[in-house]
Each structure stands twice: as C-alpha cells, then as structure tokens.
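Chemist: Coordinates in model08.txt, compact mmCIF, C-alpha atoms, are listed below.
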# COMPACT_ATOMS: atom_id res chain seq x y z
CA MET A 1 115.94 93.66 -52.04
CA VAL A 2 113.58 94.81 -49.29
CA LEU A 3 109.89 94.43 -49.93
CA PRO A 4 107.49 97.33 -49.38
CA VAL A 5 106.00 97.57 -45.92
CA PRO A 6 102.41 98.59 -45.07
CA GLY A 7 101.92 102.23 -45.83
CA ASP A 8 104.35 102.24 -48.75
CA VAL A 9 102.95 102.98 -52.17
CA GLU A 10 103.72 100.05 -54.44
CA THR A 11 103.75 100.82 -58.14
CA PRO A 12 103.14 98.28 -60.90
CA MET A 13 106.87 98.42 -61.73
CA THR A 14 107.80 97.65 -58.12
CA HIS A 15 105.25 94.87 -58.07
CA ARG A 16 106.77 93.27 -61.17
CA ARG A 17 110.22 93.33 -59.55
CA VAL A 18 108.81 91.72 -56.40
CA HIS A 19 107.12 89.02 -58.48
CA LEU A 20 110.35 88.29 -60.35
CA LEU A 21 112.30 88.07 -57.11
CA GLU A 22 109.73 85.71 -55.63
CA LYS A 23 109.78 83.52 -58.74
CA PHE A 24 113.57 83.35 -58.70
CA GLN A 25 113.69 82.42 -55.01
CA VAL A 26 111.09 79.65 -55.34
CA GLN A 27 112.68 78.20 -58.49
CA LEU A 28 116.14 78.22 -56.88
CA ALA A 29 114.92 76.57 -53.69
CA THR A 30 112.84 73.99 -55.58
CA GLY A 31 115.64 72.98 -57.93
CA ALA A 32 118.22 72.71 -55.15
CA ALA A 33 115.86 70.70 -52.90
CA LEU A 34 114.92 68.29 -55.70
CA ALA A 35 118.58 67.70 -56.62
CA ALA A 36 119.54 67.15 -52.98
CA VAL A 37 116.84 64.52 -52.44
CA TYR A 38 117.22 62.78 -55.81
CA PHE A 39 121.00 62.41 -55.59
CA VAL A 40 121.70 62.33 -51.84
CA ALA A 41 118.80 61.93 -49.43
CA TRP A 42 117.16 59.16 -51.50
CA ARG A 43 119.56 56.58 -50.06
CA TRP A 44 118.12 57.10 -46.56
CA VAL A 45 114.59 56.03 -47.52
CA ARG A 46 115.12 53.58 -50.39
CA PRO A 47 114.02 49.95 -49.82
CA TRP A 48 116.56 47.14 -49.67
CA ASP A 49 114.91 45.51 -52.70
CA PRO A 50 115.64 47.62 -55.81
CA GLU A 51 112.35 46.46 -57.37
CA ALA A 52 110.22 47.36 -54.33
CA PRO A 53 108.33 50.65 -54.17
CA VAL A 54 108.85 53.27 -51.49
CA VAL A 55 106.16 52.18 -49.06
CA LEU A 56 107.18 53.01 -45.53
CA LEU A 57 104.75 52.04 -42.80
CA ALA A 58 102.85 49.56 -44.97
CA GLY A 59 106.17 47.99 -45.93
CA GLY A 60 107.25 47.50 -42.33
CA ARG A 61 109.91 50.22 -42.49
CA PRO A 62 109.18 52.74 -39.68
CA GLY A 63 112.83 53.80 -39.64
CA SER A 64 112.59 54.96 -43.25
CA ALA A 65 109.36 56.79 -42.40
CA LEU A 66 111.20 58.74 -39.69
CA ALA A 67 114.05 59.41 -42.12
CA LEU A 68 111.59 60.80 -44.67
CA ALA A 69 110.00 63.04 -42.03
CA ALA A 70 113.45 64.30 -41.03
CA VAL A 71 114.34 65.02 -44.67
CA ALA A 72 111.09 66.93 -45.13
CA ILE A 73 111.74 69.03 -42.02
CA VAL A 74 115.30 69.84 -43.10
CA LEU A 75 114.02 70.83 -46.55
CA ALA A 76 111.39 73.05 -44.92
CA VAL A 77 114.02 74.88 -42.86
CA ALA A 78 116.36 75.42 -45.80
CA CYS A 79 113.63 76.41 -48.25
CA THR A 80 112.07 78.85 -45.79
CA LEU A 81 115.35 80.67 -45.26
CA VAL A 82 115.89 80.95 -49.02
CA THR A 83 112.34 82.20 -49.73
CA LEU A 84 111.73 84.67 -46.90
CA SER A 85 110.53 87.42 -49.25
CA SER A 86 108.22 84.97 -51.02
CA ARG A 87 104.75 84.11 -49.76
CA PRO A 88 104.79 81.13 -47.33
CA GLU A 89 103.53 78.77 -50.04
CA GLY A 90 106.85 79.25 -51.84
CA ALA A 91 108.76 77.46 -49.09
CA LEU A 92 106.14 74.73 -48.80
CA LEU A 93 106.15 74.24 -52.57
CA ALA A 94 109.94 73.93 -52.71
CA ALA A 95 110.01 71.42 -49.84
CA LEU A 96 107.27 69.23 -51.33
CA VAL A 97 108.63 69.20 -54.87
CA GLY A 98 112.09 68.60 -53.43
CA ALA A 99 110.80 65.57 -51.54
CA GLY A 100 109.40 64.45 -54.88
CA GLY A 101 112.85 63.13 -55.63
CA VAL A 102 111.77 60.08 -53.62
CA SER A 103 108.75 59.58 -55.88
CA LEU A 104 110.90 59.92 -58.99
CA ARG A 105 113.30 57.28 -57.68
CA SER A 106 110.65 54.82 -56.53
CA PRO A 107 109.65 51.81 -58.65
CA SER A 108 105.95 51.16 -59.24
CA ILE A 109 103.65 49.52 -56.73
CA ARG A 110 103.46 46.28 -58.77
CA ALA A 111 105.97 44.37 -56.60
CA LEU A 112 103.96 45.17 -53.45
CA LEU A 113 100.70 44.14 -55.11
CA TRP A 114 102.23 40.87 -56.22
CA ARG A 115 103.59 40.17 -52.74
CA ARG A 116 100.28 41.00 -51.04
CA ASN A 117 98.09 39.41 -53.71
CA ASP A 118 96.08 37.38 -51.17
CA ALA A 119 95.48 40.30 -48.79
CA LEU A 120 94.86 43.40 -50.91
CA PRO A 121 92.15 44.91 -48.64
CA ALA A 122 94.46 44.65 -45.63
CA MET A 123 97.29 46.20 -47.65
CA TYR A 124 95.12 49.19 -48.57
CA GLY A 125 94.20 49.62 -44.92
CA GLU A 126 97.91 49.96 -44.17
CA LEU A 127 98.33 52.41 -47.05
CA ILE A 128 95.55 54.57 -45.59
CA ILE A 129 97.41 54.70 -42.28
CA GLU A 130 100.55 55.70 -44.15
CA VAL A 131 98.71 58.45 -46.03
CA LEU A 132 97.43 59.87 -42.74
CA ALA A 133 100.95 59.74 -41.31
CA LEU A 134 102.26 61.63 -44.35
CA ALA A 135 99.50 64.21 -43.90
CA ALA A 136 100.79 64.72 -40.35
CA VAL A 137 104.30 65.17 -41.78
CA LEU A 138 102.99 67.85 -44.13
CA LEU A 139 101.30 69.68 -41.26
CA ALA A 140 104.59 69.55 -39.36
CA VAL A 141 106.43 70.96 -42.39
CA ALA A 142 103.90 73.80 -42.66
CA LEU A 143 104.29 74.53 -38.95
CA VAL A 144 108.08 74.68 -39.30
CA VAL A 145 107.71 77.17 -42.16
CA ASP A 146 105.39 79.32 -40.06
CA LEU A 147 107.57 79.24 -36.94
CA ILE A 148 110.75 80.20 -38.82
CA ARG A 149 109.00 83.05 -40.60
CA ALA A 150 107.48 84.23 -37.31
CA ALA A 151 110.91 84.18 -35.64
CA VAL A 152 112.50 86.13 -38.50
CA GLY A 153 109.55 88.52 -38.61
CA ALA A 154 109.98 89.35 -34.93
CA VAL A 155 113.51 90.59 -35.65
CA ARG A 156 113.42 91.69 -39.30
CA PRO A 157 109.77 92.12 -40.32
CA ASN A 158 110.66 93.85 -43.59
CA TRP A 159 112.44 90.70 -44.77
CA LEU A 160 109.14 88.84 -45.09
CA TRP A 161 106.67 88.85 -47.95
CA ARG A 162 103.59 90.98 -47.37
CA ASP A 163 100.43 91.11 -49.38
CA PRO A 164 101.00 94.11 -51.70
CA ARG A 165 97.27 94.72 -51.86
CA GLY A 166 97.16 95.48 -48.15
CA LYS A 167 93.75 96.48 -46.85
CA ALA A 168 92.35 97.19 -50.28
CA GLU A 169 91.58 93.56 -51.00
CA PRO A 170 89.16 91.51 -48.87
CA LEU A 171 91.09 88.29 -49.57
CA HIS A 172 93.64 89.28 -46.96
CA PRO A 173 91.93 91.45 -44.31
CA ASP A 174 95.11 93.09 -43.04
CA ALA A 175 98.65 93.68 -44.20
CA ARG A 176 100.38 91.54 -41.58
CA PRO A 177 102.32 88.56 -42.96
CA TYR A 178 99.93 85.60 -43.06
CA SER A 179 100.87 82.01 -42.30
CA LEU A 180 100.06 78.54 -43.56
CA ILE A 181 98.37 77.19 -40.42
CA ILE A 182 99.22 79.45 -37.44
CA GLY A 183 96.09 81.33 -36.50
CA LEU A 184 93.85 79.01 -38.47
CA PRO A 185 92.30 77.29 -35.39
CA ARG A 186 91.45 80.71 -33.97
CA ALA A 187 89.91 81.79 -37.27
CA VAL A 188 87.77 78.63 -37.42
CA ALA A 189 86.68 79.02 -33.80
CA SER A 190 85.55 82.58 -34.42
CA THR A 191 83.73 82.01 -37.72
CA GLY A 192 80.46 83.15 -36.20
CA ALA A 193 81.85 86.56 -35.32
CA ALA A 194 82.17 89.46 -37.70
CA ALA A 195 85.60 90.77 -38.51
CA PRO A 196 86.62 93.93 -36.62
CA SER A 197 84.98 96.86 -38.31
CA ARG A 198 86.88 99.98 -39.30
CA PRO A 199 85.69 103.03 -41.16
CA GLY A 200 85.69 102.23 -44.85
CA SER A 201 86.77 98.61 -44.28
CA LYS A 202 85.80 96.08 -46.93
CA ASN A 203 86.65 93.07 -44.80
CA PRO A 204 83.98 90.34 -44.95
CA PRO A 205 82.78 88.50 -41.81
CA ARG A 206 84.94 85.56 -40.78
CA HIS A 207 82.18 83.07 -41.48
CA ARG A 208 82.28 84.22 -45.10
CA LEU A 209 86.00 83.57 -45.26
CA PHE A 210 85.42 80.11 -43.81
CA ALA A 211 82.62 79.40 -46.31
CA ARG A 212 84.87 80.54 -49.16
CA ALA A 213 87.66 78.24 -47.96
CA LEU A 214 85.24 75.31 -47.75
CA ALA A 215 83.96 76.03 -51.26
CA CYS A 216 87.56 76.25 -52.49
CA LEU A 217 88.31 72.85 -50.93
CA MET A 218 85.25 71.21 -52.51
CA VAL A 219 85.93 72.63 -55.97
CA CYS A 220 89.59 71.64 -55.78
CA LEU A 221 88.65 68.12 -54.70
CA ALA A 222 86.01 67.73 -57.42
CA GLY A 223 88.15 69.23 -60.17
CA SER A 224 91.22 67.20 -59.22
CA THR A 225 89.18 63.99 -59.11
CA VAL A 226 87.83 64.56 -62.62
CA MET A 227 91.26 65.48 -63.98
CA LEU A 228 92.85 62.43 -62.36
CA ALA A 229 90.24 60.16 -63.93
CA LEU A 230 91.08 61.67 -67.32
CA LEU A 231 94.87 61.73 -67.01
CA LEU A 232 95.64 58.52 -65.12
CA GLN A 233 95.61 56.03 -67.98
CA SER A 234 98.65 53.94 -67.09
CA ALA A 235 100.45 52.48 -64.07
CA ASP A 236 103.86 53.60 -65.34
CA ARG A 237 105.64 55.77 -62.78
CA GLY A 238 106.04 58.78 -65.03
CA GLN A 239 102.37 58.69 -65.97
CA VAL A 240 101.25 58.31 -62.36
CA ILE A 241 103.38 61.19 -61.06
CA PHE A 242 102.41 63.48 -63.94
CA ALA A 243 98.69 62.68 -63.60
CA VAL A 244 98.62 63.31 -59.86
CA PHE A 245 100.70 66.49 -60.08
CA ALA A 246 98.81 68.00 -63.02
CA SER A 247 95.38 67.08 -61.62
CA PHE A 248 95.87 68.88 -58.33
CA LEU A 249 97.66 71.81 -59.95
CA LEU A 250 94.73 72.44 -62.29
CA GLY A 251 92.17 71.72 -59.58
CA ALA A 252 93.81 74.22 -57.22
CA VAL A 253 94.03 76.93 -59.88
CA LEU A 254 90.36 76.47 -60.75
CA ALA A 255 89.25 76.46 -57.10
CA GLN A 256 91.35 79.49 -56.14
CA GLN A 257 90.11 81.48 -59.13
CA LEU A 258 86.47 80.75 -58.31
CA PHE A 259 86.70 80.91 -54.49
CA ALA A 260 89.91 82.60 -53.41
CA ALA A 261 90.79 81.22 -49.98
CA LYS A 262 93.11 83.02 -47.59
CA HIS A 263 94.72 79.82 -46.27
CA SER A 264 96.23 77.44 -48.80
CA LEU A 265 95.42 74.53 -46.48
CA ALA A 266 92.09 74.45 -48.31
CA VAL A 267 93.84 73.01 -51.37
CA TRP A 268 96.91 71.12 -50.12
CA ILE A 269 94.87 68.89 -47.83
CA THR A 270 92.70 67.62 -50.71
CA PRO A 271 95.18 65.00 -52.04
CA PHE A 272 94.97 63.14 -48.75
CA ILE A 273 91.18 63.16 -48.81
CA LEU A 274 91.19 61.72 -52.32
CA ALA A 275 93.93 59.23 -51.40
CA VAL A 276 91.84 57.75 -48.58
CA ALA A 277 88.78 57.61 -50.84
CA THR A 278 90.63 55.84 -53.67
CA TYR A 279 92.27 53.34 -51.33
CA VAL A 280 88.90 52.52 -49.76
CA LEU A 281 87.42 52.06 -53.24
CA ALA A 282 90.35 49.90 -54.36
CA ALA A 283 90.07 47.74 -51.23
CA SER A 284 86.32 47.27 -51.62
CA SER A 285 86.65 46.34 -55.30
CA ALA A 286 89.57 43.93 -54.83
CA VAL A 287 88.83 40.38 -55.97
CA GLY A 288 90.58 37.16 -55.01
CA GLY A 289 92.51 34.80 -57.21
CA GLU A 290 96.07 34.22 -58.29
CA GLN A 291 96.07 37.21 -60.64
CA ALA A 292 94.20 39.63 -58.36
CA TRP A 293 97.11 42.07 -58.38
CA MET A 294 96.80 42.47 -62.15
CA ARG A 295 93.18 43.65 -61.86
CA VAL A 296 93.89 46.54 -59.49
CA PRO A 297 92.68 49.78 -61.18
CA PHE A 298 95.16 52.53 -61.97
CA TYR A 299 93.87 54.78 -59.17
CA GLY A 300 94.77 52.02 -56.71
CA GLN A 301 98.39 52.03 -57.88
CA VAL A 302 99.31 55.51 -56.68
CA LEU A 303 101.85 55.34 -53.84
CA PRO A 304 101.29 57.25 -50.58
CA ILE A 305 104.48 59.23 -51.22
CA ASP A 306 102.98 60.38 -54.54
CA TRP A 307 99.97 61.90 -52.81
CA LEU A 308 102.33 63.88 -50.57
CA THR A 309 104.85 65.08 -53.13
CA ALA A 310 103.06 65.19 -56.48
CA GLY A 311 99.55 65.71 -55.08
CA ALA A 312 100.15 68.28 -52.36
CA GLY A 313 103.04 69.79 -54.32
CA GLY A 314 100.81 70.31 -57.37
CA ALA A 315 98.05 71.79 -55.22
CA VAL A 316 100.44 74.28 -53.57
CA LEU A 317 101.84 75.25 -56.97
CA GLY A 318 98.30 75.83 -58.24
CA TYR A 319 97.50 78.03 -55.24
CA TRP A 320 100.78 79.93 -55.67
CA ILE A 321 100.14 80.58 -59.35
CA SER A 322 96.55 81.62 -58.73
CA ALA A 323 97.51 84.02 -55.94
CA ARG A 324 100.00 85.72 -58.24
CA ILE A 325 97.29 85.99 -60.92
CA HIS A 326 94.95 87.67 -58.43
CA GLU A 327 97.66 90.18 -57.54
CA ALA A 328 98.48 90.91 -61.18
CA ARG A 329 94.81 91.59 -61.89
CA HIS A 330 94.58 93.86 -58.87
CA PHE A 331 97.50 96.00 -60.04
CA GLU A 332 96.13 96.12 -63.58
CA ARG A 333 92.87 97.53 -62.20
CA THR A 334 94.47 100.01 -59.82
CA SER A 335 97.04 101.25 -62.35
CA LYS A 336 94.39 102.32 -64.85
CA PRO A 337 93.68 106.08 -64.82
Would you write the structure of this file as structure tokens?
Modeler:
Amino acid sequence: MVLPVPGDVETPMTHRRVHLLEKFQVQLATGAALAAVYFVAWRWVRPWDPEAPVVLLAGGRPGSALALAAVAIVLAVACTLVTLSSRPEGALLAALVGAGGVSLRSPSIRALLWRRNDALPAMYGELIIEVLALAAVLLAVALVVDLIRAAVGAVRPNWLWRDPRGKAEPLHPDARPYSLIIGLPRAVASTGAAAPSRPGSKNPPRHRLFARALACLMVCLAGSTVMLALLLQSADRGQVIFAVFASFLLGAVLAQQLFAAKHSLAVWITPFILAVATYVLAASSAVGGEQAWMRVPFYGQVLPIDWLTAGAGGAVLGYWISARIHEARHFERTSKP
C-alpha cells in the first residue's frame, strides 16, 4: 500500500486504512524483535553467573556492552525496513521493546547489591556511567533509523510515512517526512528566528516549537516520576519492568496531549534524566553496615537496561499513541460538514 503524498486528498476512510497498516507493521516488528532477543540474542549479553543481573559496564563486562549496542543497531535496521510507512517512532519503538528481551531475562539487582555492599555509592557512580552509555546507544539507534529512512526516501519517497495533516496542522510545519534527530540541532540553533512565512501559513515561530518541546519534556518527566513512585512497590523483576514501562508511557501520553512536541526526543530522553537522579539519590542515601544492601529503596533497584528498554520504550509508545490520537481528532474535525 502506498501512502498519500503531499497534495493528495486524504479521506477519513483512507486515514483509517493507513492507521491500521501502521499498527500492523509496528506490532509485527515489535513481536519479531522481542522474540529474536529473548530466545536468541540474549545469550550474547547474559552474565556468566545465572544469578547476576545484566549490568554491563558496572559489572566489568565491556564486551557485553558492545554486543548489546550491536544487537540494538541490528534491530534498528530490521525494524526500520519493516516499518517504512509508519512514523519513525514505530521503528524506534520496535527496536527498544525488542531489546527489552534482555530486561525480561535478567535477574534482579540483588546479587550486585550484595556483592558491592561495602561500596554502594561507588557502584551507583558506575551505574550512572552505564546509563549515559546506554543513552548514547539510543541516540545511535535513532540516527540509524533516520539515515535508513533518508536513504529510502531519496529513491522511493512515497514509501515513507508522511504527516496526513500536511500544512494544515502547526505541529508539523511542512509535509516532508520528519526524523527523530536529524535536523534537530539546526532547529535548536535557529529557535530565535521565525519560521518561513507563507500566505495563509499557520506555522508558529521556531522558538515556540522549542518551548513546547521543553514543556513536553518537563511534564513527561514530572508525570513519569509521580507514576513511578506510585507503581514501584516491589523489587521483583516483573514489578520493576511494569512500573518503569507504564510510568513513562502514561507520562508521555499526558505530556504530548498537553504540549504536542514535533520531535519525540522530548519524551524518550526523560528516562535517562530520571535514572541519573534516582541513582544519585540512592548513592547519597546509602548507609553502611553488613545489611546495607537490604535497605536500598526500590527506585535504586532499577537496572540501567530497564531505563533503556522499559523506560524509553514506554515513552516512545506513549508518544506514538498520542500522535495517532492527535491525527484522529484532526480528521474528526475536518470530516464534519
């Protein structure tokens, strides 16, 4: 199925078909990626100790960290090719949730806490470094998605997803396919300049788009923090993964509904901000003693890999859902006589 190109008239019926196709592509890519990591790729990053959690840099396993980065890149390539007629967040979502197979396989952090009982602040310092490294991996994954879509778009532009609202909606100022991070530095650098004016254009100045993205980030961060405090009531792996995933999903939906940001980076970077904050708090509140590891709060028992897969994956899913809601509302308004 070929998506409408700028200038085409998209009807509500066509829009529903496009939405169904996008949903099918993303679900197919996500399920396949998750199965591939859970049953196959897991063996390349698992620790030698079956009771040890998946902690890469902090666990002295740089080789496994490189293996995880390679797995994430391969997932990004495959998921992008499967979801070309989906918005870019579809490929990123499938790659992140697919990598979540590592989180599902990993034991809890308890064994690491027990082993590092006498040096918990130092351990959390290493976990912060690992979180920043995983954030760099996520940026690399997003860049791979953008580059593949740009390459395909140069040859077959009608294969790519395009905003069906076109120029009618100020959220996306033009109808060109947008990216996850390509063009973002230029947009930030030119926030003081007004967007190019055209007769009848509703495009807001770029500094307004930047302010909206910043507001979206802050609301997502605040909402996700509150939800995590409410949902994270146990150190069990299932509870941890669910709490992190659900918190950022709901936080992203709320933020994107209140302050719709053009670039989803505004929401999928928030898990790493909260991860650093919680690790700093856990390190500063750590107390000595033989049973210090038992007094670590629940928020200090989230693994770095969880912030990447469940946290960023939930945030991207929230953005993806919210963007589809915005489009559905737009077509409901425009289809009314």
Chemist: Need the shell around region 250-257 of chain A: protein/DNA/RNA residues with any atom at most 10 Å away, counting all atoms listed in the file. Skip same-chain ones fewer than 4 positions apart. Format as a compact mmCIF listing (two decimals) with C-alpha atoms, in the coordinates of the input?
Modeler:
# COMPACT_ATOMS: atom_id res chain seq x y z
CA ARG A 212 84.87 80.54 -49.16
CA ALA A 213 87.66 78.24 -47.96
CA ALA A 215 83.96 76.03 -51.26
CA CYS A 216 87.56 76.25 -52.49
CA LEU A 217 88.31 72.85 -50.93
CA MET A 218 85.25 71.21 -52.51
CA VAL A 219 85.93 72.63 -55.97
CA CYS A 220 89.59 71.64 -55.78
CA LEU A 221 88.65 68.12 -54.70
CA ALA A 222 86.01 67.73 -57.42
CA GLY A 223 88.15 69.23 -60.17
CA SER A 224 91.22 67.20 -59.22
CA THR A 225 89.18 63.99 -59.11
CA VAL A 226 87.83 64.56 -62.62
CA MET A 227 91.26 65.48 -63.98
CA LEU A 228 92.85 62.43 -62.36
CA PHE A 245 100.70 66.49 -60.08
CA ALA A 246 98.81 68.00 -63.02
CA ALA A 261 90.79 81.22 -49.98
CA LYS A 262 93.11 83.02 -47.59
CA SER A 264 96.23 77.44 -48.80
CA ALA A 266 92.09 74.45 -48.31
CA VAL A 267 93.84 73.01 -51.37
CA TRP A 268 96.91 71.12 -50.12
CA THR A 270 92.70 67.62 -50.71
CA ALA A 312 100.15 68.28 -52.36
CA GLY A 314 100.81 70.31 -57.37
CA ALA A 315 98.05 71.79 -55.22
CA VAL A 316 100.44 74.28 -53.57
CA LEU A 317 101.84 75.25 -56.97
CA GLY A 318 98.30 75.83 -58.24
CA TYR A 319 97.50 78.03 -55.24
CA TRP A 320 100.78 79.93 -55.67
CA ILE A 321 100.14 80.58 -59.35
CA SER A 322 96.55 81.62 -58.73
CA ALA A 323 97.51 84.02 -55.94
CA ILE A 325 97.29 85.99 -60.92
CA HIS A 326 94.95 87.67 -58.43
Chemist: To one decimal place in Å, what is the distance between CA of Ala211 (chain A) and CA of Ile269 (chain A)?
Modeler: 16.2 Å
Chemist: List as CSV every residue of region 65-147 of chain A that is in contact with region 38-54 of chain A, defined as an atom at most 9 Å from one of its atoms (using only C-alpha atoms), together with the nearest atom pair and the distance in Å rounded to one decimal, sorted by chain and then rising number.
Modeler:
residue,atom,partner,partner_atom,distance
A:Ala65,CA,A:Val45,CA,7.4
A:Leu66,CA,A:Val45,CA,9.0
A:Ala67,CA,A:Val45,CA,6.4
A:Leu68,CA,A:Val45,CA,6.3
A:Val71,CA,A:Ala41,CA,7.2
A:Gly98,CA,A:Tyr38,CA,8.1
A:Ala99,CA,A:Tyr38,CA,8.2
A:Gly100,CA,A:Tyr38,CA,8.1
A:Gly101,CA,A:Tyr38,CA,4.4
A:Val102,CA,A:Trp42,CA,5.9
A:Ser103,CA,A:Val54,CA,7.7
A:Leu104,CA,A:Tyr38,CA,7.6
A:Arg105,CA,A:Tyr38,CA,7.0
A:Ser106,CA,A:Pro53,CA,5.3
A:Pro107,CA,A:Pro53,CA,4.8
A:Ser108,CA,A:Pro53,CA,5.6
A:Ile109,CA,A:Pro53,CA,5.5
A:Arg110,CA,A:Pro53,CA,8.0
A:Ala111,CA,A:Ala52,CA,5.7
A:Leu112,CA,A:Ala52,CA,6.7
Chemist: Mind pulling up the distance from CA of Val302 (chain A) to CA of Ala122 (chain A)?
Modeler: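 Computing the Euclidean distance for CA of Ala122 (chain A) and CA of Val302 (chain A) yields 16.2 Å.
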Chemist: Find the distance between CA of Val296 (chain A) and CA of Ser234 (chain A) and write it in Å to one decimal.
Modeler: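 That distance, rounded to one decimal, is 11.6 Å.
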Chemist: Considering only C-alpha atoms, can you say which of A:Leu84, A:Leu93, A:Ile305, A:Ile128 comes closest to Val276 (chain A)?
Modeler: A:Ile128
Chemist: So, with all atoms listed in the file as the atoms that count, which of A:Leu132, A:Ala35, A:Leu138, A:Ala154 lies closest to Ala70 (chain A)?
Modeler: A:Leu138
